[in-house]
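Trainee: File entry-v1.cif follows (mmCIF, C-alpha atoms):
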data_coords
#
loop_
_atom_site.label_atom_id
_atom_site.label_comp_id
_atom_site.auth_asym_id
_atom_site.auth_seq_id
_atom_site.Cartn_x
_atom_site.Cartn_y
_atom_site.Cartn_z
CA MET N 830 61.72 186.44 98.88
CA ASN N 831 59.78 187.22 102.05
CA TYR N 832 58.71 184.63 104.57
CA ARG N 833 56.39 185.01 107.41
CA ALA N 834 57.86 184.53 110.86
CA GLY N 835 58.03 180.89 111.86
CA LYS N 836 57.55 179.69 108.30
CA PHE N 837 60.13 177.77 106.29
CA PRO N 838 60.23 176.26 102.82
CA ARG N 839 58.97 172.68 102.56
CA ARG N 840 62.50 171.33 102.11
CA GLN N 841 63.77 173.17 105.15
CA GLN N 842 60.76 172.02 107.16
CA ARG N 843 61.45 168.41 106.25
CA TRP N 844 65.05 168.46 107.45
CA GLN N 845 64.19 170.26 110.64
CA ASP N 846 61.30 167.91 111.44
CA PRO N 847 62.51 165.85 114.44
CA GLY N 848 60.53 162.81 113.15
CA SER N 849 62.27 162.89 109.76
CA LEU N 850 65.70 163.22 111.35
CA ALA N 851 65.00 160.24 113.60
CA ARG N 852 64.00 158.12 110.62
CA VAL N 853 67.15 159.02 108.72
CA LEU N 854 69.34 158.21 111.67
CA ARG N 855 67.56 154.91 112.24
CA GLN N 856 67.93 153.93 108.59
CA ALA N 857 71.61 154.80 108.68
CA ALA N 858 72.09 152.67 111.77
CA GLU N 859 70.24 149.78 110.14
CA LEU N 860 72.35 150.10 107.01
CA LYS N 861 75.53 150.04 109.07
CA SER N 862 74.31 147.01 111.02
CA PHE N 863 73.26 145.19 107.86
CA SER N 864 76.58 145.84 106.17
CA ARG N 865 78.56 144.61 109.15
CA ARG N 866 76.39 141.51 109.47
CA SER N 867 76.65 140.73 105.77
CA PHE N 868 80.40 141.19 105.90
CA LEU N 869 80.74 138.85 108.86
CA ILE N 870 78.52 136.22 107.25
CA GLY N 871 80.42 136.46 103.97
CA ALA N 872 83.78 136.33 105.71
CA GLY N 873 82.68 133.34 107.78
CA ALA N 874 81.44 131.46 104.72
CA SER N 875 84.64 132.21 102.84
CA THR N 876 86.74 131.02 105.76
CA ALA N 877 84.71 127.81 106.05
CA LEU N 878 85.03 127.18 102.31
CA ALA N 879 88.77 127.79 102.39
CA ALA N 880 89.17 125.49 105.39
CA ASP N 881 87.13 122.78 103.66
CA MET N 882 89.21 123.10 100.50
CA LEU N 883 92.41 122.91 102.54
CA PHE N 884 91.17 119.86 104.44
CA THR N 885 90.10 118.17 101.21
CA ARG N 886 93.45 118.89 99.60
CA GLN N 887 95.34 117.52 102.60
CA VAL N 888 93.22 114.36 102.71
CA GLN N 889 93.62 113.77 98.99
CA ALA N 890 97.37 114.36 99.15
CA GLU N 891 97.81 112.03 102.10
CA ARG N 892 95.87 109.23 100.41
CA ARG N 893 97.81 109.22 97.19
CA THR N 894 99.98 106.39 98.57
CA THR N 895 99.17 103.02 100.10
CA LYS N 896 99.70 103.04 103.86
CA ILE N 897 99.41 100.69 106.80
CA LEU N 898 97.11 102.13 109.47
CA PRO N 899 97.93 100.79 112.95
CA VAL N 900 95.26 100.68 115.64
CA GLY N 901 96.95 100.99 119.00
CA ASP N 902 96.21 98.56 121.81
CA ASP N 903 98.37 98.48 124.95
CA PHE N 904 97.52 94.88 125.79
CA ALA N 905 98.38 93.53 122.33
CA GLU N 906 101.54 95.58 122.07
CA SER N 907 102.73 94.35 125.47
CA TYR N 908 101.90 90.66 125.10
CA TYR N 909 102.33 90.26 121.34
CA PRO N 910 105.13 92.63 120.30
CA ASN N 911 106.04 90.45 117.30
CA SER N 912 102.58 89.42 116.16
CA SER N 913 99.91 91.32 114.22
CA TRP N 914 96.60 91.09 112.43
CA ILE N 915 96.42 92.98 109.15
CA LEU N 916 93.00 93.89 107.78
CA PHE N 917 92.50 94.01 104.02
CA PRO N 918 89.40 96.21 103.72
CA GLY N 919 86.56 95.40 101.39
CA TYR N 920 85.05 97.20 98.42
CA LYS N 921 84.54 100.97 98.89
CA THR N 922 85.81 100.85 102.49
CA SER N 923 87.48 104.10 103.61
CA TRP N 924 90.54 104.35 105.83
CA GLU N 925 88.32 105.46 108.71
CA GLU N 926 85.89 102.57 108.32
CA ALA N 927 88.77 100.08 108.15
CA GLN N 928 90.01 101.30 111.52
CA TRP N 929 86.45 101.24 112.82
CA ILE N 930 86.21 97.55 111.84
CA LEU N 931 89.37 96.76 113.79
CA ASN N 932 88.13 98.64 116.84
CA SER N 933 84.83 96.77 116.67
CA ILE N 934 86.47 93.33 116.84
CA ARG N 935 89.41 94.43 118.96
CA GLY N 936 88.26 92.17 121.82
CA SER N 937 89.01 89.01 119.84
CA LEU N 938 91.87 90.14 117.59
CA ARG N 939 93.99 91.46 120.45
CA GLN N 940 94.16 87.93 121.88
CA ARG N 941 96.67 86.97 119.20
CA GLY N 942 98.33 90.14 118.00
CA GLN N 943 98.42 93.85 117.32
CA MET N 944 96.12 95.38 114.71
CA ALA N 945 96.57 97.33 111.49
CA ALA N 946 94.65 97.95 108.29
CA VAL N 947 95.75 98.54 104.72
CA GLY N 948 94.80 102.01 103.47
CA TYR N 949 94.53 101.78 99.68
CA SER N 950 95.77 104.66 97.54
CA ASN N 951 93.11 106.89 95.98
CA LEU N 952 95.14 106.74 92.77
CA GLY N 953 94.12 103.11 92.45
CA MET N 954 94.83 99.80 94.13
CA GLU N 955 98.17 98.27 93.10
CA VAL N 956 99.03 94.87 94.57
CA THR N 957 102.77 95.54 94.48
CA GLU N 958 102.29 98.72 96.51
CA VAL N 959 100.24 96.78 99.07
CA VAL N 960 102.93 94.09 99.35
CA ASP N 961 105.66 96.70 99.81
CA ALA N 962 103.63 98.52 102.48
CA VAL N 963 103.01 95.29 104.39
CA LEU N 964 106.70 94.37 104.21
CA ALA N 965 107.68 97.79 105.53
CA TYR N 966 105.24 97.37 108.42
CA ILE N 967 106.65 93.90 109.20
CA ASN N 968 110.22 95.18 109.24
CA GLU N 969 109.37 98.27 111.26
CA ARG N 970 107.60 96.24 113.97
CA LYS N 971 109.96 93.24 113.72
CA LEU N 972 107.01 90.92 113.26
CA ASN N 973 107.35 87.16 112.92
CA THR N 974 103.69 86.12 113.16
CA LEU N 975 100.99 87.39 110.81
CA TYR N 976 97.22 86.93 110.66
CA PHE N 977 95.32 88.35 107.69
CA TYR N 978 91.68 89.42 107.90
CA GLY N 979 90.13 89.51 104.44
CA HIS N 980 87.05 91.73 104.61
CA SER N 981 84.83 90.90 101.62
CA PHE N 982 86.94 91.23 98.44
CA GLY N 983 89.88 91.87 100.79
CA GLY N 984 90.07 88.10 101.16
CA MET N 985 91.08 87.83 97.52
CA LEU N 986 93.80 90.43 97.97
CA ALA N 987 94.97 88.89 101.27
CA THR N 988 95.44 85.56 99.49
CA GLU N 989 97.59 87.06 96.74
CA VAL N 990 99.62 89.16 99.19
CA ALA N 991 100.26 86.08 101.36
CA ALA N 992 101.50 84.17 98.30
CA ARG N 993 103.80 87.03 97.28
CA LEU N 994 105.17 87.38 100.81
CA ARG N 995 106.03 83.69 100.88
CA GLU N 996 108.24 84.27 97.83
CA ARG N 997 110.21 86.58 100.13
CA ASN N 998 110.34 84.02 102.94
CA VAL N 999 107.57 85.67 104.97
CA SER N 1000 104.75 83.35 106.03
CA VAL N 1001 101.19 84.10 107.08
CA LYS N 1002 99.59 81.86 109.72
CA LEU N 1003 95.94 82.53 108.89
CA ILE N 1004 93.77 84.16 106.25
CA LEU N 1005 90.30 84.80 107.61
CA LEU N 1006 87.88 85.15 104.71
CA ASP N 1007 84.89 87.22 105.79
CA SER N 1008 82.20 86.74 103.11
CA SER N 1009 84.95 86.83 100.46
CA PRO N 1010 84.01 85.99 96.87
CA PHE N 1011 86.28 83.47 95.19
CA SER N 1012 85.65 84.93 91.74
CA LYS N 1013 83.53 87.51 89.96
CA TYR N 1014 80.86 84.85 89.47
CA ASP N 1015 80.10 84.96 93.20
CA ILE N 1016 79.06 88.62 92.93
CA LEU N 1017 75.28 88.88 92.81
CA ASP N 1018 75.02 92.36 91.24
CA GLN N 1019 76.67 91.40 87.96
CA SER N 1020 75.06 94.03 85.73
CA TRP N 1021 76.39 97.10 87.55
CA PHE N 1022 79.67 95.35 88.35
CA ASP N 1023 80.38 94.60 84.68
CA GLY N 1024 79.55 98.20 83.76
CA VAL N 1025 82.02 99.70 86.22
CA VAL N 1026 84.83 97.46 84.97
CA PHE N 1027 84.03 98.25 81.34
CA LEU N 1028 84.21 101.99 82.02
CA TYR N 1029 87.47 101.61 83.97
CA GLU N 1030 89.18 99.57 81.28
CA SER N 1031 87.96 102.08 78.70
CA GLY N 1032 89.73 104.84 80.59
CA PHE N 1033 86.57 106.52 81.89
CA GLN N 1034 86.47 107.64 85.51
CA VAL N 1035 83.05 107.65 87.16
CA PRO N 1036 82.28 111.20 88.44
CA SER N 1037 81.68 111.52 92.17
CA VAL N 1038 78.15 112.88 91.67
CA LEU N 1039 77.21 109.88 89.54
CA ARG N 1040 78.73 107.58 92.14
CA GLY N 1041 76.75 109.31 94.87
CA GLY N 1042 73.57 108.76 92.88
CA TYR N 1043 74.36 105.08 92.57
CA GLU N 1044 75.04 104.87 96.30
CA LEU N 1045 71.65 106.37 97.04
CA GLY N 1046 69.91 103.99 94.66
CA GLU N 1047 71.74 100.98 96.06
CA ARG N 1048 70.75 101.84 99.60
CA VAL N 1049 67.13 102.55 98.66
CA VAL N 1050 66.88 99.07 97.12
CA ASN N 1051 68.24 97.63 100.37
CA LYS N 1052 66.31 99.99 102.63
CA HIS N 1053 65.04 97.11 104.75
CA GLU N 1054 68.53 96.97 106.26
CA ARG N 1055 68.77 100.68 107.14
CA THR N 1056 66.67 103.63 108.18
CA TRP N 1057 66.16 106.53 105.76
CA GLY N 1058 68.47 108.62 107.93
CA GLN N 1059 71.23 106.02 107.57
CA ILE N 1060 70.63 105.82 103.81
CA TRP N 1061 71.09 109.58 103.46
CA ASP N 1062 74.14 109.73 105.77
CA GLN N 1063 75.89 106.85 104.02
CA THR N 1064 75.22 108.35 100.60
CA LEU N 1065 76.78 111.65 101.67
CA GLU N 1066 79.76 109.77 103.10
CA GLN N 1067 80.58 108.55 99.60
CA LEU N 1068 80.78 112.17 98.43
CA SER N 1069 82.99 113.36 101.29
CA PRO N 1070 86.75 113.95 100.89
CA ILE N 1071 87.51 110.96 103.15
CA ALA N 1072 85.57 108.54 100.94
CA PRO N 1073 87.48 106.24 98.55
CA SER N 1074 88.00 107.87 95.17
CA SER N 1075 86.14 106.75 92.06
CA VAL N 1076 89.45 105.57 90.61
CA LEU N 1077 90.11 103.38 93.65
CA ILE N 1078 86.62 101.90 93.52
CA GLN N 1079 86.94 101.15 89.83
CA SER N 1080 90.38 99.56 90.30
CA GLU N 1081 88.95 97.37 93.07
CA SER N 1082 86.16 96.31 90.72
CA ASP N 1083 88.72 95.49 88.06
CA TYR N 1084 90.75 93.42 90.52
CA ILE N 1085 87.69 91.37 91.53
CA TYR N 1086 86.73 90.93 87.89
CA HIS N 1087 90.08 89.41 86.91
CA PHE N 1088 90.97 87.57 90.13
CA ASP N 1089 91.99 83.94 89.60
CA GLY N 1090 92.56 82.16 92.90
CA THR N 1091 93.92 79.03 91.23
CA ARG N 1092 97.18 80.92 90.59
CA PHE N 1093 97.99 80.79 94.31
CA VAL N 1094 97.17 77.16 95.08
CA ASP N 1095 100.83 76.22 95.47
CA GLY N 1096 101.89 79.57 96.89
CA LEU N 1097 100.51 79.53 100.42
CA GLY N 1098 102.56 76.76 102.02
CA ASP N 1099 101.15 75.95 105.45
CA THR N 1100 99.00 79.08 105.70
CA ARG N 1101 95.61 78.17 107.12
CA MET N 1102 92.35 79.60 105.82
CA ALA N 1103 88.92 79.98 107.40
CA PHE N 1104 85.74 81.13 105.69
CA ILE N 1105 82.90 82.80 107.60
CA GLY N 1106 79.74 84.24 106.11
CA ASN N 1107 75.98 84.52 106.10
CA PRO N 1108 73.53 82.48 104.00
CA ASN N 1109 71.37 85.61 103.72
CA ASP N 1110 74.19 87.59 102.11
CA ASP N 1111 72.74 89.58 99.20
CA THR N 1112 76.09 90.83 97.90
CA VAL N 1113 78.12 87.63 97.59
CA ASN N 1114 76.71 84.16 96.99
CA TYR N 1115 77.52 82.49 100.30
CA GLU N 1116 77.24 78.89 99.09
CA THR N 1117 79.24 79.17 95.86
CA ALA N 1118 81.98 81.30 97.42
CA ARG N 1119 82.42 78.98 100.40
CA ALA N 1120 82.46 75.89 98.21
CA ALA N 1121 84.99 77.37 95.78
CA TRP N 1122 87.51 78.35 98.47
CA ALA N 1123 87.25 74.88 100.02
CA LYS N 1124 87.62 73.10 96.67
CA VAL N 1125 90.58 75.09 95.36
CA PHE N 1126 92.52 75.24 98.65
CA PRO N 1127 91.83 71.83 100.25
CA LEU N 1128 95.23 71.72 101.97
CA ASN N 1129 94.84 75.17 103.51
CA ILE N 1130 91.18 75.51 104.37
CA ALA N 1131 90.63 74.74 108.04
CA SER N 1132 87.08 75.93 108.64
CA THR N 1133 84.04 76.85 106.56
CA GLY N 1134 81.18 76.16 108.93
CA ARG N 1135 81.02 79.29 111.09
CA ARG N 1136 78.19 81.62 110.11
CA THR N 1137 77.33 85.19 111.00
CA ASP N 1138 73.61 84.55 111.30
CA GLY N 1139 71.65 87.53 112.54
CA ALA N 1140 74.13 90.13 111.29
CA ARG N 1141 72.59 93.17 109.57
CA PRO N 1142 73.60 93.93 106.94
CA ALA N 1143 74.32 90.28 106.22
CA HIS N 1144 77.45 90.89 104.14
CA ALA N 1145 80.82 91.35 105.90
CA SER N 1146 79.66 93.67 108.67
CA PRO N 1147 81.81 93.26 111.81
CA GLN N 1148 81.65 97.01 112.44
CA TRP N 1149 77.88 96.80 112.80
CA ASN N 1150 77.72 93.43 114.57
CA PRO N 1151 80.72 92.99 116.88
CA PHE N 1152 78.64 90.91 119.31
CA ILE N 1153 78.27 88.29 116.54
CA TYR N 1154 81.77 88.47 115.09
CA ASN N 1155 83.90 88.54 118.24
CA PRO N 1156 82.81 85.11 119.55
CA ILE N 1157 83.30 83.55 116.10
CA ILE N 1158 86.83 84.93 115.74
CA GLU N 1159 87.73 83.94 119.29
CA ASP N 1160 86.51 80.38 118.68
CA LEU N 1161 88.59 80.16 115.51
CA GLU N 1162 91.69 81.44 117.29
CA ASN N 1163 91.30 78.95 120.11
CA GLU N 1164 90.67 76.07 117.73
CA LEU N 1165 93.44 76.77 115.24
CA PHE N 1166 96.04 78.47 117.42
CA PRO N 1167 95.40 77.53 121.06
CA LEU N 1168 97.39 79.42 123.64
CA PRO N 1169 99.46 77.65 126.29
CA ARG N 1170 97.20 76.85 129.21
CA ALA N 1171 99.06 79.10 131.62
CA GLY N 1172 98.69 81.99 129.22
CA SER N 1173 95.10 81.51 128.14
CA ARG N 1174 93.88 83.99 130.68
CA VAL N 1175 95.62 87.17 131.72
CA VAL N 1176 94.53 88.89 134.92
CA PHE N 1177 95.38 92.51 135.68
CA TYR N 1178 95.85 93.66 139.27
#
Starting from the coordinates I provided, produce the structure as structure tokens.
Mentor:
Amino acid sequence: MNYRAGKFPRRQQRWQDPGSLARVLRQAAELKSFSRRSFLIGAGASTALAADMLFTRQVQAERRTTKILPVGDDFAESYYPNSSWILFPGYKTSWEEAQWILNSIRGSLRQRGQMAAVGYSNLGMEVTEVVDAVLAYINERKLNTLYFYGHSFGGMLATEVAARLRERNVSVKLILLDSSPFSKYDILDQSWFDGVVFLYESGFQVPSVLRGGYELGERVVNKHERTWGQIWDQTLEQLSPIAPSSVLIQSESDYIYHFDGTRFVDGLGDTRMAFIGNPNDDTVNYETARAAWAKVFPLNIASTGRRTDGARPAHASPQWNPFIYNPIIEDLENELFPLPRAGSRVVFY
């Protein structure tokens, strides 16, 4: 085949066209860049997912047992080496939030002892496990003076634990009942409460997604207490690996449902009790709960008149309202367990 000088077939012209070659090279470079970027993004996402799964697994493994969670305080440890407050967290309270509560009211609690919280097992709350964990903490720290802080339903549990400890010759000086119901009849949201217990006793575990949906609905109903941002954040918290498990929440519901405080009337000895709360509480009936504790434990109850007016939310919220709770706790301490005059104030130089 003959070609004129300077003429090439169309195919040969295309490959020798500098513009075409530049486009090919540019496309190749873009392909290489895209592949590398996609690989890095995919690798990063996989690494993040693996890390999240590992973290979740570690958290879940760690929280399979009941533990005592100390909150360090140099002042309390120095001046009260044998005395401690123990917080019994309320319904759906995580380990982190329990420690947050203690840190919020540290200013008043540290005036009588060290601080620790009970971390309930995600496999379910068992009273015997709680008693054993508290005893181990007492023995480890060589404690001889105990103050119990019952946060919401934690007041019920604190009362039973105090009675069981007394059977082992360990006494509790004070049980502080913070908005604690005396029985299931003090719970205002009876319809949902009954449903959770029914499912638990039927052997059905509430899925996390369903629980998250309930959390969102609950907070929307009570949106006047929180911003929309707080509603969303708190709903997501219930779906995080550090949130209490559905089994734990259901076991707590079951405990509240069957709690009978009259069983411990003769089991507290000289333990003193104090009830604090808020008349605007929309979770627990303030009046009926306060009256029931006072009626059933007349020999132990020392105070029922201190109120957390102005706290938001109104129910058992020291972590949100330390400026309201700290003065109340300090007043109770000074009234019920006054310090020697020479030791009422400590000055650091």
Trainee: So what does the PyMOL selection byres ((chain N and resi 1151) around 12) actually pick up in this one, as a list in words?
Mentor: Trp929, Ile930, Leu931, Asn932, Ser933, Ile934, Arg935, Gly936, Ser937, Leu938, Thr1137, Gly1139, Ala1140, Arg1141, Ala1145, Ser1146, Pro1147, Gln1148, Trp1149, Asn1150, Phe1152, Ile1153, Tyr1154, Asn1155, Pro1156, Ile1157, Ile1158 and Glu1159 of chain N
Trainee: Applied to this file, what does the PyMOL selection byres ((chain N and resi 1103) around 9) return in terms of residues, put as number ranges by chain?
Mentor: N: 1003-1007, 1101-1102, 1104-1105, 1129-1135, 1161
Trainee: Which residues, named as in the file, does the PyMOL selection byres ((chain N and resi 996-1001) around 7) pick out? Answer as a ChimeraX atom specification.
Mentor: /N:974-976,991-995,1002-1003,1100
Trainee: My list of candidates is N:Glu1030, N:Asp1015, N:Glu969, N:Glu1116. Which is closest to Phe982 of chain N when distances are computed with all atoms listed in the file?
Mentor: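 Checking each of N:Glu1030, N:Asp1015, N:Glu969, N:Glu1116 against Phe982 of chain N, counting all atoms listed in the file, the winner is N:Asp1015.
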Trainee: Need to verify the contact set: Gly901 of chain N, 9 Å, only C-alpha atoms, exclusion of same-chain residues closer than 6 positions in sequence. Can you return it as a list in words?
Mentor: Gln943, Met944 and Ala945 of chain N
Trainee: Counting all atoms listed in the file, select every polymer residue within 10 Å of (94.5, 87.7, 98.6) as defined in the file's coordinates, and provide the selection as a CSV table (one decimal) with C-alpha atoms, keeping the file's coordinate frame.
Mentor:
chain,number,residue,atom,x,y,z
N,917,PHE,CA,92.5,94.0,104.0
N,956,VAL,CA,99.0,94.9,94.6
N,977,PHE,CA,95.3,88.4,107.7
N,978,TYR,CA,91.7,89.4,107.9
N,979,GLY,CA,90.1,89.5,104.4
N,982,PHE,CA,86.9,91.2,98.4
N,983,GLY,CA,89.9,91.9,100.8
N,984,GLY,CA,90.1,88.1,101.2
N,985,MET,CA,91.1,87.8,97.5
N,986,LEU,CA,93.8,90.4,98.0
N,987,ALA,CA,95.0,88.9,101.3
N,988,THR,CA,95.4,85.6,99.5
N,989,GLU,CA,97.6,87.1,96.7
N,990,VAL,CA,99.6,89.2,99.2
N,991,ALA,CA,100.3,86.1,101.4
N,992,ALA,CA,101.5,84.2,98.3
N,993,ARG,CA,103.8,87.0,97.3
N,1004,ILE,CA,93.8,84.2,106.2
N,1006,LEU,CA,87.9,85.2,104.7
N,1009,SER,CA,85.0,86.8,100.5
N,1011,PHE,CA,86.3,83.5,95.2
N,1088,PHE,CA,91.0,87.6,90.1
N,1090,GLY,CA,92.6,82.2,92.9
N,1093,PHE,CA,98.0,80.8,94.3
Trainee: Using the file's own x, y and z axes, what box holds all listed atoms of segment 935-940 of chain N with 6 Å on each side, keeping edges along x, y and z, and what are its centre and edge lengths in Å to one decimal, as JSON?
Mentor:
{"center_x": 91.2, "center_y": 91.2, "center_z": 119.7, "size_x": 17.9, "size_y": 18.5, "size_z": 16.3}
